[in-house]
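One structure is given below, encoded as structure tokens.
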Amino acid sequence: MNAMARAGTALTAALLTCLAALIPGTPPARADTGPILFVHGYGGDGSRWSTMIDRFEADGWPADRLFTVDYDSTKSNVDIAADIRARVDAIRSSTGAAKVTIVAMSMGSLNSRHYLKFLGGTAAVRTWVSLAGPNHGTTATRLCSEERLTCQEMRIGSPFLTELNSGDETPGDVAYGTFWSDCDTVVNPDSSVSLAGAVNTYAGCLSHAAFLTDASVYAKVRDFVS
């Protein structure tokens, strides 16, 4: 191929790239984000993430870089944070990645934040995302039974949250992002989700559970972790 032909080919490729970027709904070129660990909320399990994981795979993320963790919601968030540390360590060991991204739903935001802040997680996590996380507590915990420690820990002003939110709410060299809704009846007040030092984004009028399956939330999360 002569120089003129090569130049023409390069120009065509560049134009196609630009056009793809302009087409609505076209995902951006995937950055090397490292493995992603999805952390479920209170009473859930890893299967709650199936819709979002399918969308990540459709946008080019390899299946062997997308992970979930299951934990016992009756334990303290402090103990669950240790489970998350073990899971992150195992993922880094199996993939060879220096750091992971965490995407957390609801109460998963609290135990994963405890891992970051108190168990050395900031050295192992590149990006952290909270979907509808009761980061400063929620009035919905008035329905908690006294036996449900993790539920009590989500009460506004609980000792767990007081310690978690003392000082720097977003420590370390980690990109923090939160997504909240003014139609979420589980996390009240709405301002509970946002963290000082994070990119706090309004996700639209969504129910609590819809954060896991809403296409616009997925696109926002994808773009943030990219």
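Convention: chains lettered A, B, ... in structure tokens order; per-chain residue numbering from 1; ligands numbered from 1 as shown.
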
Could you make a table, as a Markdown table, of the residues of segment 117-221 of chain A that have an atom within 6 Å of an atom of segment 83-103 of chain A, each with its nearest atom pair and distance in Å to one decimal, counting only C-alpha atoms, in chain and number order?
| residue | atom | partner | partner_atom | distance |
| --- | --- | --- | --- | --- |
| A:Ala124 | CA | A:Lys99 | CA | 4.6 |
| A:Val125 | CA | A:Val100 | CA | 4.9 |
| A:Arg126 | CA | A:Thr101 | CA | 5.5 |
| A:Thr127 | CA | A:Thr101 | CA | 4.7 |
| A:Trp128 | CA | A:Ile102 | CA | 4.8 |
| A:Val129 | CA | A:Val103 | CA | 4.7 |

Could you give me the residues within chain A that DSSP places in helix (DSSP H, G or I), as a PyMOL selection string? chain A and resi 3-22+46-58+63-65+77-95+108-118+121-123+139-143+149-153+159-164+190-192+209-212+215-225

Which residues come within 8 Å of Leu131 of chain A, counting only C-alpha atoms, excluding same-chain residues fewer than 5 positions away, as a list in words? Val103, Ala104, Met105, Ser106, Ser109, Thr178, Phe179, Trp180 and Phe211 of chain A

Taking 3 positions as the minimum chain separation for residues in the same chain, which residues sit within 10 Å of segment 160-177 of chain A when counting only C-alpha atoms? Answer as JSON, numbers by chain. {"A": [76, 77, 78, 101, 102, 103, 110, 111, 113, 114, 116, 117, 118, 120, 121, 122, 123, 124, 125, 126, 127, 128, 129, 130, 131, 134, 135, 136, 137, 150, 152, 153, 154, 155, 156, 157, 194, 195, 196, 197, 198, 199, 200, 201, 221, 224, 225]}

Atoms to include: C-alpha atoms. Write the selected residues as an mmCIF file, in the first residue's frame.
data_model
loop_
_atom_site.group_PDB
_atom_site.id
_atom_site.type_symbol
_atom_site.label_atom_id
_atom_site.label_comp_id
_atom_site.auth_asym_id
_atom_site.auth_seq_id
_atom_site.Cartn_x
_atom_site.Cartn_y
_atom_site.Cartn_z
ATOM 1 C CA SER A 76 -22.131 -6.392 61.435
ATOM 2 C CA ASN A 77 -21.028 -4.253 58.509
ATOM 3 C CA VAL A 78 -17.607 -4.300 60.172
ATOM 4 C CA THR A 101 -13.349 -1.086 41.019
ATOM 5 C CA ILE A 102 -16.204 -1.511 43.496
ATOM 6 C CA VAL A 103 -19.834 -0.875 42.554
ATOM 7 C CA LEU A 110 -21.468 1.098 53.978
ATOM 8 C CA ASN A 111 -19.508 -2.118 54.419
ATOM 9 C CA ARG A 113 -16.654 2.099 52.672
ATOM 10 C CA HIS A 114 -15.605 0.602 55.997
ATOM 11 C CA LEU A 116 -11.771 1.357 52.265
ATOM 12 C CA LYS A 117 -11.404 3.543 55.324
ATOM 13 C CA PHE A 118 -10.358 1.123 58.046
ATOM 14 C CA GLY A 120 -6.568 -0.744 53.903
ATOM 15 C CA GLY A 121 -8.910 -0.825 50.939
ATOM 16 C CA THR A 122 -7.804 2.499 49.490
ATOM 17 C CA ALA A 123 -4.566 0.838 48.378
ATOM 18 C CA ALA A 124 -6.463 -1.824 46.436
ATOM 19 C CA VAL A 125 -9.403 0.110 44.975
ATOM 20 C CA ARG A 126 -9.256 2.416 41.958
ATOM 21 C CA THR A 127 -12.892 3.547 41.755
ATOM 22 C CA TRP A 128 -15.829 3.222 44.166
ATOM 23 C CA VAL A 129 -19.475 3.717 43.198
ATOM 24 C CA SER A 130 -22.481 3.882 45.518
ATOM 25 C CA LEU A 131 -25.991 3.282 44.179
ATOM 26 C CA PRO A 134 -27.667 5.197 52.972
ATOM 27 C CA ASN A 135 -24.277 6.760 53.636
ATOM 28 C CA HIS A 136 -25.610 9.007 56.393
ATOM 29 C CA GLY A 137 -28.423 6.722 57.512
ATOM 30 C CA THR A 150 -26.779 -4.300 60.243
ATOM 31 C CA GLN A 152 -29.560 -0.782 63.260
ATOM 32 C CA GLU A 153 -26.192 0.368 61.905
ATOM 33 C CA MET A 154 -28.047 2.178 59.115
ATOM 34 C CA ARG A 155 -29.927 4.357 61.593
ATOM 35 C CA ILE A 156 -29.128 8.051 61.401
ATOM 36 C CA GLY A 157 -26.530 8.841 64.056
ATOM 37 C CA SER A 194 -24.018 12.105 48.825
ATOM 38 C CA LEU A 195 -20.493 12.206 50.236
ATOM 39 C CA ALA A 196 -18.094 15.101 50.649
ATOM 40 C CA GLY A 197 -15.335 14.670 48.067
ATOM 41 C CA ALA A 198 -17.368 12.402 45.760
ATOM 42 C CA VAL A 199 -19.004 13.066 42.409
ATOM 43 C CA ASN A 200 -22.649 13.013 43.532
ATOM 44 C CA THR A 201 -25.114 12.460 40.666
ATOM 45 C CA VAL A 221 -22.002 3.917 36.091
ATOM 46 C CA PHE A 224 -17.913 6.837 35.546
ATOM 47 C CA VAL A 225 -15.836 3.693 35.949
#

Counting only C-alpha atoms, the residue of A:Leu149, A:Val193, A:Cys183, A:Leu37 that sits nearest Ala209 of chain A: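 The answer is A:Cys183, which sits nearest to Ala209 of chain A.
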
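For the set A:Ile80, A:Leu119, A:Val39, A:Ala132, the residue with the smallest atom-to-atom gap to Val217 of chain A is A:Ala132, counting only C-alpha atoms.
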
Counting only C-alpha atoms, which residue out of A:Ala58, A:Asp72, A:Asp184, A:Ser50 sits closest to Arg148 of chain A?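 That would be A:Asp72, the residue with the smallest distance to Arg148 of chain A.
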
Surrounding residues of Gly43 of chain A excluding itself and chain neighbours under 3 positions, 9 Å, only C-alpha atoms, as an mmCIF file with C-alpha atoms, in the first residue's frame:
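For reference, result.cif as written:
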data_model
loop_
_atom_site.group_PDB
_atom_site.id
_atom_site.type_symbol
_atom_site.label_atom_id
_atom_site.label_comp_id
_atom_site.auth_asym_id
_atom_site.auth_seq_id
_atom_site.Cartn_x
_atom_site.Cartn_y
_atom_site.Cartn_z
ATOM 1 C CA HIS A 40 -25.122 -6.213 47.001
ATOM 2 C CA TYR A 71 -22.291 -11.997 52.494
ATOM 3 C CA ASP A 72 -24.470 -12.658 55.521
ATOM 4 C CA SER A 73 -26.632 -9.568 56.069
ATOM 5 C CA THR A 74 -27.192 -10.469 59.728
#

May I have the residues within 10 Å of Ser47 of chain A as a list of chain:residue names, using only C-alpha atoms and disregarding those fewer than 3 positions away in the same chain?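 Once the adjacent positions are removed, what remains is A:His40, A:Gly44, A:Ser50, A:Thr51, A:Ile53, A:Thr68, A:Val69, A:Asp70.
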